[in-house]
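Shown here: coords_4.pdb, PDB, C-alpha atoms.
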```pdb
ATOM      1  CA  MET A   1     -17.508 -35.559 -13.094  1.00  0.00           C
ATOM      2  CA  SER A   2     -14.459 -33.403 -13.280  1.00  0.00           C
ATOM      3  CA  GLU A   3     -12.103 -33.093 -10.443  1.00  0.00           C
ATOM      4  CA  ILE A   4     -10.985 -29.747  -9.142  1.00  0.00           C
ATOM      5  CA  GLY A   5      -7.262 -29.500  -8.824  1.00  0.00           C
ATOM      6  CA  LEU A   6      -5.262 -27.853  -6.107  1.00  0.00           C
ATOM      7  CA  ALA A   7      -4.432 -24.903  -8.375  1.00  0.00           C
ATOM      8  CA  GLU A   8      -8.127 -24.225  -9.034  1.00  0.00           C
ATOM      9  CA  ILE A   9      -8.928 -24.324  -5.289  1.00  0.00           C
ATOM     10  CA  PHE A  10      -6.187 -21.804  -4.591  1.00  0.00           C
ATOM     11  CA  GLY A  11      -7.465 -19.642  -7.476  1.00  0.00           C
ATOM     12  CA  MET A  12     -11.012 -19.636  -6.068  1.00  0.00           C
ATOM     13  CA  GLY A  13      -9.678 -18.892  -2.569  1.00  0.00           C
ATOM     14  CA  GLU A  14      -7.677 -15.999  -3.949  1.00  0.00           C
ATOM     15  CA  ALA A  15     -10.751 -14.606  -5.747  1.00  0.00           C
ATOM     16  CA  ILE A  16     -12.901 -14.943  -2.592  1.00  0.00           C
ATOM     17  CA  GLY A  17     -10.146 -13.239  -0.575  1.00  0.00           C
ATOM     18  CA  ILE A  18      -9.970 -10.334  -3.024  1.00  0.00           C
ATOM     19  CA  ILE A  19     -13.770  -9.922  -3.040  1.00  0.00           C
ATOM     20  CA  GLY A  20     -13.865 -10.073   0.768  1.00  0.00           C
ATOM     21  CA  THR A  21     -11.127  -7.455   0.975  1.00  0.00           C
ATOM     22  CA  LEU A  22     -13.074  -5.182  -1.361  1.00  0.00           C
ATOM     23  CA  PHE A  23     -16.177  -5.483   0.854  1.00  0.00           C
ATOM     24  CA  VAL A  24     -14.142  -4.621   3.950  1.00  0.00           C
ATOM     25  CA  ILE A  25     -12.593  -1.610   2.199  1.00  0.00           C
ATOM     26  CA  LEU A  26     -16.018  -0.472   0.978  1.00  0.00           C
ATOM     27  CA  TYR A  27     -17.502  -0.791   4.472  1.00  0.00           C
ATOM     28  CA  PHE A  28     -14.757   1.219   6.178  1.00  0.00           C
ATOM     29  CA  SER A  29     -14.552   3.858   3.456  1.00  0.00           C
ATOM     30  CA  ARG A  30     -18.303   4.398   3.748  1.00  0.00           C
ATOM     31  CA  LYS A  31     -17.980   4.783   7.541  1.00  0.00           C
ATOM     32  CA  GLN A  32     -15.128   7.247   7.071  1.00  0.00           C
ATOM     33  CA  THR A  33     -17.128   9.214   4.482  1.00  0.00           C
ATOM     34  CA  GLN A  34     -20.064   9.495   6.887  1.00  0.00           C
ATOM     35  CA  SER A  35     -17.719  10.623   9.653  1.00  0.00           C
ATOM     36  CA  LEU A  36     -16.113  13.167   7.330  1.00  0.00           C
ATOM     37  CA  SER A  37     -19.550  14.489   6.393  1.00  0.00           C
ATOM     38  CA  VAL A  38     -20.433  15.008  10.071  1.00  0.00           C
ATOM     39  CA  ASP A  39     -17.057  16.680  10.646  1.00  0.00           C
ATOM     40  CA  ILE A  40     -17.614  19.092   7.748  1.00  0.00           C
ATOM     41  CA  GLU A  41     -21.147  19.936   8.891  1.00  0.00           C
ATOM     42  CA  THR A  42     -19.889  20.492  12.438  1.00  0.00           C
ATOM     43  CA  LYS A  43     -17.141  22.794  11.141  1.00  0.00           C
ATOM     44  CA  VAL A  44     -19.722  24.802   9.211  1.00  0.00           C
ATOM     45  CA  LEU A  45     -21.930  25.094  12.315  1.00  0.00           C
ATOM     46  CA  ASN A  46     -18.927  26.178  14.389  1.00  0.00           C
ATOM     47  CA  ASP A  47     -17.990  28.808  11.802  1.00  0.00           C
ATOM     48  CA  LEU A  48     -21.552  30.147  11.821  1.00  0.00           C
ATOM     49  CA  ALA A  49     -21.564  30.180  15.630  1.00  0.00           C
ATOM     50  CA  GLU A  50     -18.317  32.169  15.646  1.00  0.00           C
ATOM     51  CA  ARG A  51     -19.824  34.647  13.187  1.00  0.00           C
ATOM     52  CA  MET A  52     -22.959  34.972  15.321  1.00  0.00           C
ATOM     53  CA  HIS A  53     -20.806  35.536  18.405  1.00  0.00           C
ATOM     54  CA  ALA A  54     -18.942  38.336  16.620  1.00  0.00           C
ATOM     55  CA  LEU A  55     -22.266  39.977  15.733  1.00  0.00           C
ATOM     56  CA  HIS A  56     -23.367  39.693  19.365  1.00  0.00           C
ATOM     57  CA  GLN A  57     -20.156  41.328  20.528  1.00  0.00           C
ATOM     58  CA  ILE A  58     -21.048  44.356  18.431  1.00  0.00           C
ATOM     59  CA  VAL A  59     -24.549  44.459  19.907  1.00  0.00           C
ATOM     60  CA  ILE A  60     -23.174  44.121  23.450  1.00  0.00           C
ATOM     61  CA  GLU A  61     -20.866  47.067  22.828  1.00  0.00           C
ATOM     62  CA  CYS A  62     -23.676  49.131  21.250  1.00  0.00           C
ATOM     63  CA  PRO A  63     -27.046  47.795  22.502  1.00  0.00           C
ATOM     64  CA  GLN A  64     -28.975  50.361  20.503  1.00  0.00           C
ATOM     65  CA  LEU A  65     -27.967  48.445  17.356  1.00  0.00           C
ATOM     66  CA  ILE A  66     -30.301  45.596  18.282  1.00  0.00           C
ATOM     67  CA  LYS A  67     -33.033  47.696  16.639  1.00  0.00           C
ATOM     68  CA  VAL A  68     -31.498  46.700  13.311  1.00  0.00           C
ATOM     69  CA  ILE A  69     -32.756  43.128  13.767  1.00  0.00           C
ATOM     70  CA  SER A  70     -35.512  43.453  16.374  1.00  0.00           C
ATOM     71  CA  LYS A  71     -38.156  46.034  17.223  1.00  0.00           C
ATOM     72  CA  ALA A  72     -38.241  44.780  20.802  1.00  0.00           C
ATOM     73  CA  ASP A  73     -37.364  47.412  23.372  1.00  0.00           C
ATOM     74  CA  ALA A  74     -34.047  45.804  24.109  1.00  0.00           C
ATOM     75  CA  ASN A  75     -31.766  48.771  24.518  1.00  0.00           C
ATOM     76  CA  SER A  76     -29.790  47.171  27.307  1.00  0.00           C
ATOM     77  CA  PRO A  77     -26.506  45.309  27.480  1.00  0.00           C
ATOM     78  CA  GLU A  78     -28.234  42.572  29.523  1.00  0.00           C
ATOM     79  CA  VAL A  79     -30.635  41.678  26.716  1.00  0.00           C
ATOM     80  CA  ALA A  80     -27.866  41.812  24.121  1.00  0.00           C
ATOM     81  CA  TYR A  81     -25.759  39.540  26.290  1.00  0.00           C
ATOM     82  CA  ALA A  82     -28.751  37.222  26.791  1.00  0.00           C
ATOM     83  CA  TYR A  83     -29.012  36.831  23.006  1.00  0.00           C
ATOM     84  CA  ASP A  84     -25.369  35.783  22.897  1.00  0.00           C
ATOM     85  CA  ILE A  85     -25.791  33.324  25.757  1.00  0.00           C
ATOM     86  CA  LEU A  86     -28.945  31.828  24.244  1.00  0.00           C
ATOM     87  CA  PHE A  87     -27.302  31.374  20.852  1.00  0.00           C
ATOM     88  CA  THR A  88     -24.364  29.692  22.598  1.00  0.00           C
ATOM     89  CA  PHE A  89     -26.810  27.401  24.399  1.00  0.00           C
ATOM     90  CA  ALA A  90     -28.519  26.635  21.087  1.00  0.00           C
ATOM     91  CA  HIS A  91     -25.164  25.798  19.516  1.00  0.00           C
ATOM     92  CA  VAL A  92     -24.285  23.459  22.383  1.00  0.00           C
ATOM     93  CA  PHE A  93     -27.721  21.832  22.063  1.00  0.00           C
ATOM     94  CA  HIS A  94     -27.189  21.218  18.355  1.00  0.00           C
ATOM     95  CA  MET A  95     -23.687  19.841  18.899  1.00  0.00           C
ATOM     96  CA  ARG A  96     -25.183  17.378  21.397  1.00  0.00           C
ATOM     97  CA  LYS A  97     -27.857  16.328  18.904  1.00  0.00           C
ATOM     98  CA  ARG A  98     -25.079  15.674  16.373  1.00  0.00           C
ATOM     99  CA  ASN A  99     -23.221  13.502  18.931  1.00  0.00           C
ATOM    100  CA  VAL A 100     -20.225  15.837  18.935  1.00  0.00           C
ATOM    101  CA  LEU A 101     -20.309  16.340  22.720  1.00  0.00           C
ATOM    102  CA  SER A 102     -19.553  13.485  25.078  1.00  0.00           C
ATOM    103  CA  ASP A 103     -21.960  12.642  27.895  1.00  0.00           C
ATOM    104  CA  ASN A 104     -19.635  14.295  30.418  1.00  0.00           C
ATOM    105  CA  GLU A 105     -19.329  17.519  28.383  1.00  0.00           C
ATOM    106  CA  TRP A 106     -23.096  17.620  27.881  1.00  0.00           C
ATOM    107  CA  THR A 107     -23.729  17.107  31.609  1.00  0.00           C
ATOM    108  CA  GLY A 108     -21.476  20.062  32.410  1.00  0.00           C
ATOM    109  CA  TRP A 109     -23.169  22.308  29.865  1.00  0.00           C
ATOM    110  CA  LEU A 110     -26.628  21.200  30.972  1.00  0.00           C
ATOM    111  CA  ARG A 111     -25.820  22.050  34.593  1.00  0.00           C
ATOM    112  CA  TRP A 112     -24.538  25.449  33.549  1.00  0.00           C
ATOM    113  CA  MET A 113     -27.606  26.163  31.411  1.00  0.00           C
ATOM    114  CA  LYS A 114     -30.015  25.088  34.161  1.00  0.00           C
ATOM    115  CA  SER A 115     -28.187  27.236  36.712  1.00  0.00           C
ATOM    116  CA  ALA A 116     -28.374  30.263  34.421  1.00  0.00           C
ATOM    117  CA  PHE A 117     -32.138  29.819  34.023  1.00  0.00           C
ATOM    118  CA  GLU A 118     -32.689  29.216  37.745  1.00  0.00           C
ATOM    119  CA  GLN A 119     -30.449  31.930  39.159  1.00  0.00           C
ATOM    120  CA  GLY A 120     -30.163  34.602  36.493  1.00  0.00           C
ATOM    121  CA  GLU A 121     -32.508  36.886  34.604  1.00  0.00           C
ATOM    122  CA  ILE A 122     -32.213  34.927  31.388  1.00  0.00           C
ATOM    123  CA  MET A 123     -35.477  33.074  32.031  1.00  0.00           C
ATOM    124  CA  GLN A 124     -37.395  36.355  32.272  1.00  0.00           C
ATOM    125  CA  ILE A 125     -35.712  37.596  29.107  1.00  0.00           C
ATOM    126  CA  TRP A 126     -36.598  34.296  27.375  1.00  0.00           C
ATOM    127  CA  LYS A 127     -40.228  34.529  28.437  1.00  0.00           C
ATOM    128  CA  SER A 128     -40.927  38.210  27.954  1.00  0.00           C
ATOM    129  CA  THR A 129     -38.395  40.135  25.885  1.00  0.00           C
ATOM    130  CA  ILE A 130     -37.484  37.881  23.010  1.00  0.00           C
ATOM    131  CA  GLU A 131     -39.978  36.396  20.563  1.00  0.00           C
ATOM    132  CA  MET A 132     -38.435  32.942  20.519  1.00  0.00           C
ATOM    133  CA  GLU A 133     -40.159  31.564  17.442  1.00  0.00           C
ATOM    134  CA  LYS A 134     -38.382  34.241  15.413  1.00  0.00           C
ATOM    135  CA  TRP A 135     -34.859  33.540  16.662  1.00  0.00           C
ATOM    136  CA  PHE A 136     -34.532  29.878  17.582  1.00  0.00           C
ATOM    137  CA  ASP A 137     -35.558  26.630  15.962  1.00  0.00           C
ATOM    138  CA  PRO A 138     -38.504  24.699  17.446  1.00  0.00           C
ATOM    139  CA  ALA A 139     -36.328  21.848  18.793  1.00  0.00           C
ATOM    140  CA  PHE A 140     -34.207  24.227  20.873  1.00  0.00           C
ATOM    141  CA  GLN A 141     -37.281  26.156  21.970  1.00  0.00           C
ATOM    142  CA  GLN A 142     -38.887  22.927  23.219  1.00  0.00           C
ATOM    143  CA  PHE A 143     -35.657  21.959  24.981  1.00  0.00           C
ATOM    144  CA  VAL A 144     -35.563  25.264  26.852  1.00  0.00           C
ATOM    145  CA  ASP A 145     -39.241  25.136  27.771  1.00  0.00           C
ATOM    146  CA  LYS A 146     -39.085  21.516  28.984  1.00  0.00           C
ATOM    147  CA  GLU A 147     -35.552  21.137  30.366  1.00  0.00           C
ATOM    148  CA  LEU A 148     -34.237  24.555  31.391  1.00  0.00           C
ATOM    149  CA  ILE A 149     -37.241  26.444  32.702  1.00  0.00           C
ATOM    150  CA  PRO A 150     -38.017  25.055  36.136  1.00  0.00           C
ATOM    151  CA  SER A 151     -41.477  23.605  36.279  1.00  0.00           C
ATOM    152  CA  GLU A 152     -43.682  25.232  38.827  1.00  0.00           C
ATOM    153  CA  THR A 153     -45.033  22.553  41.127  1.00  0.00           C
ATOM    154  CA  PRO A 154     -48.121  23.431  43.143  1.00  0.00           C
ATOM    155  CA  SER A 155     -47.531  23.555  46.885  1.00  0.00           C
ATOM    156  CA  HIS A 156     -49.703  21.458  49.122  1.00  0.00           C
TER     157      HIS A 156
END
```
For the file at hand, write its structure as structure tokens.
Amino acid sequence: MSEIGLAEIFGMGEAIGIIGTLFVILYFSRKQTQSLSVDIETKVLNDLAERMHALHQIVIECPQLIKVISKADANSPEVAYAYDILFTFAHVFHMRKRNVLSDNEWTGWLRWMKSAFEQGEIMQIWKSTIEMEKWFDPAFQQFVDKELIPSETPSH
């Protein structure tokens, strides 16, 4: 049986150290790549949200232009503004789903959204004026219907 010398042991230790270092580098570079991917997607969503907000500003200034995208009788600044608010809410919802918002930020937004639906006219606009399935994705639509619209409890 051959004996392994001290030089060979150090050589094997060096090789194991190099391989271990490569695995650590691979692990962290993969994590950073995933994080970068989420950052890029979030930037794209933010850019689209800014573009949508600019389009809403035009419609708020000239509500009659809403006819370009919708045949609904929505010739009012309130409905145009409701579109902008709802798209902002949808953007916040999607940022939460992507884990971009912290729990504290989400709680603040959720309170604001619930208050708007409880105290303002946005709930009536959501229910009657806008055909939601045409403008918002199903996940956001379900969120609004389940979380933002107050459930009507029967009185005893």
Subject >> Residues selected by the PyMOL selection byres ((chain A and resi 59) around 10), written as a ChimeraX atom specification >> reply: /A:53-58,60-68,75-77,79-81,83-84
**OP:** Using the chain letters and numbering of this document, enumerate as a PyMOL selection string the residues selected by the PyMOL selection byres ((chain A and resi 123) around 10).
**Re:** chain A and resi 82+114+116-122+124-129+144-145+148-150
Could you dump the residues just selected with C-alpha atoms as a PDB file, in the frame of the given file?
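Listed below is the output, out_2.pdb:
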```pdb
ATOM      1  CA  ALA A  82     -28.751  37.222  26.791  1.00  0.00           C
ATOM      2  CA  LYS A 114     -30.015  25.088  34.161  1.00  0.00           C
ATOM      3  CA  ALA A 116     -28.374  30.263  34.421  1.00  0.00           C
ATOM      4  CA  PHE A 117     -32.138  29.819  34.023  1.00  0.00           C
ATOM      5  CA  GLU A 118     -32.689  29.216  37.745  1.00  0.00           C
ATOM      6  CA  GLN A 119     -30.449  31.930  39.159  1.00  0.00           C
ATOM      7  CA  GLY A 120     -30.163  34.602  36.493  1.00  0.00           C
ATOM      8  CA  GLU A 121     -32.508  36.886  34.604  1.00  0.00           C
ATOM      9  CA  ILE A 122     -32.213  34.927  31.388  1.00  0.00           C
ATOM     10  CA  GLN A 124     -37.395  36.355  32.272  1.00  0.00           C
ATOM     11  CA  ILE A 125     -35.712  37.596  29.107  1.00  0.00           C
ATOM     12  CA  TRP A 126     -36.598  34.296  27.375  1.00  0.00           C
ATOM     13  CA  LYS A 127     -40.228  34.529  28.437  1.00  0.00           C
ATOM     14  CA  SER A 128     -40.927  38.210  27.954  1.00  0.00           C
ATOM     15  CA  THR A 129     -38.395  40.135  25.885  1.00  0.00           C
ATOM     16  CA  VAL A 144     -35.563  25.264  26.852  1.00  0.00           C
ATOM     17  CA  ASP A 145     -39.241  25.136  27.771  1.00  0.00           C
ATOM     18  CA  LEU A 148     -34.237  24.555  31.391  1.00  0.00           C
ATOM     19  CA  ILE A 149     -37.241  26.444  32.702  1.00  0.00           C
ATOM     20  CA  PRO A 150     -38.017  25.055  36.136  1.00  0.00           C
TER      21      PRO A 150
END
```
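Across the model, the gap from CA of Ile40 in chain A to CA of Leu86 in chain A is 23.7 Å.
Computed from the coordinates, the CA of Asn46 in chain A to CA of Phe89 in chain A distance equals 12.8 Å.
Among A:Leu22, A:Ala7, A:Val92, A:Val100, the residue with the shortest atom-to-atom distance to Met113 in chain A, counting all atoms listed in the file, is A:Val92.
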Original post:
How far is it from CA of Phe93 in chain A to CA of Phe28 in chain A, in Å with one decimal?
Top reply: 29.1 Å
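Those DNA, RNA and protein residues that approach the point (-32.5, 26.8, 16.1) to within 10 Å, considering all atoms listed in the file, are Phe87, Ala90, His91, Phe93, His94, Met132, Glu133, Lys134, Trp135, Phe136, Asp137, Pro138, Ala139, Phe140 and Gln141 of chain A.
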**OP:** Using all atoms listed in the file, determine which residues lie at most 9 Å from Thr42 in chain A, disregarding the query and same-chain residues fewer than 5 positions distant; provide the list as a PyMOL selection string.
**Re:** chain A and resi 37+47+95+98+100
